[in-house]
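Have a look at the structure below before the remarks.
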Amino acid sequence: AVTMAALCAVLALQRPFPDCPWDCPGTSVDRQQYARAAVSRLDLNRPWDQVRADLLAACGLRRDRSTEHCFNDWNHVDCCAMAASNTHRTNEDSLVEGMHPVNMLGPHIAAGSRPEAGPGGSWCTCHLQTPFDVCHKQFGASTAFKLVWCEGSTVAAIVDDSGNLLNYGEPVAEGSPERGL
């Protein structure tokens, strides 16, 4: 017979950050603070392409081919600021439901992260299964911020991992993402 303690021990091995989202040792605090300060200063009441470029910069990301999807669909809306030691982690250990079994993002994170945002790396991760998502489980980090499109409106809100409002506005809809509303 399998004991509860044995089962918990096996599950703990399968999830490398069992206490994250509450205790996330993989967070780059410097990058997270940089991102939160930068995103709180943005003017979100401008054309979407300008707002999106500013969201990328606030997250500590370059605007290039690998970040074209970032903040540009209903799913890739979490700015994940992770410690350098966690940028090349895969989903093989964390087993985030709905994600590719490997989900190798490390090379993209290394290439897309702006060094002036602080040590570590940034990526726009999927918000699926929040708070048991890619940022929290695969990278062991808490999100720096999340883009939320308010249902039934054109209002975009930026919140931190605890749901605290950091910024909001109404980006001009031309070229704005499919919001999943």
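Labels used: A, B, ... for chains in the order of the structure tokens, numbers from 1 for residues in each chain, and numbers from 1 for ligands as shown.
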Original post:
Could you name the residues that touch Val134 (chain A) at 9 Å or less, counting only C-alpha atoms, but leaving out those on the same chain fewer than 5 positions away, as a ChimeraX atom specification?
Top reply: /A:80,91,94,96,99,125-129,139-141
Return as CSV the residues of region 59-96 of chain A lying at most 7 Å from region 143-161 of chain A, together with the closest atom-to-atom pair for each and the distance in Å to one decimal, counting only C-alpha atoms, with rows in chain order and ascending residue number.
```
residue,atom,partner,partner_atom,distance
A:Val77,CA,A:Leu147,CA,5.2
A:Asp78,CA,A:Lys146,CA,4.5
A:Cys79,CA,A:Phe145,CA,5.3
A:Cys80,CA,A:Thr143,CA,4.6
A:Ala81,CA,A:Ala144,CA,6.1
```
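Taking region 67-102 of chain A and asking which residues DSSP calls helix (DSSP H, G or I) on the backbone, you get Thr67, Ala84, Ser85, Asn86, Asn91, Glu92, Asp93 and Ser94 of chain A.
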Keeping only C-alpha atoms, write the selected residues to a file as an mmCIF file, in the first residue's frame.
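Generated output (again.cif):
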```
data_model
loop_
_atom_site.group_PDB
_atom_site.id
_atom_site.type_symbol
_atom_site.label_atom_id
_atom_site.label_comp_id
_atom_site.auth_asym_id
_atom_site.auth_seq_id
_atom_site.Cartn_x
_atom_site.Cartn_y
_atom_site.Cartn_z
ATOM 1 C CA THR A 67 9.026 38.233 -29.004
ATOM 2 C CA ALA A 84 19.804 33.511 -14.370
ATOM 3 C CA SER A 85 20.072 29.986 -12.963
ATOM 4 C CA ASN A 86 16.493 29.256 -14.054
ATOM 5 C CA ASN A 91 8.894 21.735 -18.549
ATOM 6 C CA GLU A 92 10.241 18.196 -18.156
ATOM 7 C CA ASP A 93 10.439 18.609 -14.363
ATOM 8 C CA SER A 94 7.603 21.051 -13.716
#
```
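CA of Tyr34 (chain A) to CA of Ile109 (chain A) spans 16.8 Å [interatomic distance, one decimal].
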Pick out the residues sitting within 8 Å of Met104 (chain A), and hand them over as a PDB file with N, CA, C and O atoms, in the first residue's frame; count only C-alpha atoms, and ignore anything fewer than 5 positions along from it in its own chain.
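Okay, this is what ended up in out23.pdb:
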```pdb
ATOM      1  N   HIS A  88      17.075  28.486 -18.324  1.00  0.00           N
ATOM      2  CA  HIS A  88      17.095  27.351 -19.251  1.00  0.00           C
ATOM      3  C   HIS A  88      16.357  26.128 -18.713  1.00  0.00           C
ATOM      4  O   HIS A  88      16.508  25.028 -19.238  1.00  0.00           O
ATOM      5  N   ARG A  89      15.539  26.333 -17.704  1.00  0.00           N
ATOM      6  CA  ARG A  89      14.732  25.214 -17.189  1.00  0.00           C
ATOM      7  C   ARG A  89      13.697  24.818 -18.243  1.00  0.00           C
ATOM      8  O   ARG A  89      13.195  25.656 -18.975  1.00  0.00           O
ATOM      9  N   THR A  90      13.382  23.547 -18.282  1.00  0.00           N
ATOM     10  CA  THR A  90      12.367  23.060 -19.219  1.00  0.00           C
ATOM     11  C   THR A  90      11.141  22.604 -18.443  1.00  0.00           C
ATOM     12  O   THR A  90      11.146  22.569 -17.213  1.00  0.00           O
ATOM     13  N   ASN A  91      10.131  22.221 -19.163  1.00  0.00           N
ATOM     14  CA  ASN A  91       8.894  21.735 -18.549  1.00  0.00           C
ATOM     15  C   ASN A  91       8.985  20.256 -18.184  1.00  0.00           C
ATOM     16  O   ASN A  91       8.050  19.702 -17.638  1.00  0.00           O
TER      17      ASN A  91
END
```
**OP:** Find, counting only C-alpha atoms, the residue in A:Pro101, A:Gly163, A:Gly112, A:Gly106 that gets nearest to Pro131 (chain A).
**Re:** A:Gly163
Subject >> All residues 7 Å or closer to region 50-64 of chain A, only C-alpha atoms, same chain fewer than 4 positions away omitted, as a VMD selection string >> reply: chain A and resid 35 38 to 39 44 46 68 71 79 112 to 114 117 122 171
Those selected residues, please, written with N, CA, C and O atoms and delivered as a compact mmCIF listing (two decimals), in the first residue's frame.
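Below you can see out06.txt, which holds the result:
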```txt
# COMPACT_ATOMS: atom_id res chain seq x y z
N ALA A 35 10.75 45.95 -13.79
CA ALA A 35 9.56 45.81 -14.64
C ALA A 35 8.35 46.50 -14.02
O ALA A 35 7.61 47.21 -14.72
N ALA A 38 8.77 50.29 -14.29
CA ALA A 38 8.65 50.75 -15.67
C ALA A 38 7.21 50.67 -16.17
O ALA A 38 6.72 51.61 -16.80
N VAL A 39 6.53 49.58 -15.88
CA VAL A 39 5.15 49.43 -16.39
C VAL A 39 4.20 50.40 -15.71
O VAL A 39 3.22 50.85 -16.32
N LEU A 44 -0.80 54.03 -21.33
CA LEU A 44 -1.48 52.97 -22.06
C LEU A 44 -2.57 53.49 -22.98
O LEU A 44 -3.23 52.70 -23.66
N ARG A 46 -2.55 55.01 -25.88
CA ARG A 46 -1.91 55.31 -27.16
C ARG A 46 -2.17 54.16 -28.13
O ARG A 46 -2.75 53.15 -27.75
N GLU A 68 7.57 38.43 -30.98
CA GLU A 68 6.41 38.93 -31.71
C GLU A 68 5.09 38.57 -31.05
O GLU A 68 4.12 39.32 -31.14
N PHE A 71 2.57 39.66 -25.40
CA PHE A 71 1.52 40.66 -25.15
C PHE A 71 0.70 40.93 -26.41
O PHE A 71 0.08 41.98 -26.52
N CYS A 79 4.57 38.80 -17.62
CA CYS A 79 5.98 39.16 -17.66
C CYS A 79 6.67 38.40 -16.54
O CYS A 79 6.46 38.69 -15.36
N GLY A 112 16.45 37.37 -26.02
CA GLY A 112 15.45 38.42 -25.95
C GLY A 112 15.53 39.33 -24.75
O GLY A 112 14.90 40.39 -24.72
N SER A 113 16.29 38.95 -23.73
CA SER A 113 16.34 39.73 -22.48
C SER A 113 17.32 40.90 -22.59
O SER A 113 18.44 40.75 -23.09
N ARG A 114 16.87 42.04 -22.10
CA ARG A 114 17.72 43.25 -22.10
C ARG A 114 18.51 43.30 -20.80
O ARG A 114 17.92 43.28 -19.71
N ALA A 117 17.80 45.60 -17.60
CA ALA A 117 16.68 45.33 -16.70
C ALA A 117 17.13 44.60 -15.43
O ALA A 117 16.32 44.41 -14.52
N SER A 122 14.05 37.59 -18.78
CA SER A 122 12.61 37.84 -18.81
C SER A 122 11.99 37.07 -19.96
O SER A 122 12.66 36.79 -20.96
N PRO A 171 -5.76 51.28 -24.76
CA PRO A 171 -4.98 51.38 -25.98
C PRO A 171 -5.89 51.53 -27.20
O PRO A 171 -6.97 50.94 -27.24
```
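With only C-alpha atoms as the basis for measurement, A:Glu97 is the residue among A:Asp73, A:Glu116, A:Glu97, A:Glu170 that approaches Gln138 (chain A) most closely.
Checking A:Ala110, A:Met82, A:Ala173, A:Pro47 one by one against Cys24 (chain A), counting only C-alpha atoms, you find the shortest gap at A:Met82.
Of the listed residues (A:Leu95, A:Cys124, A:Leu166, A:Val102), A:Leu166 comes nearest to Ser40 (chain A); the distances count only C-alpha atoms.
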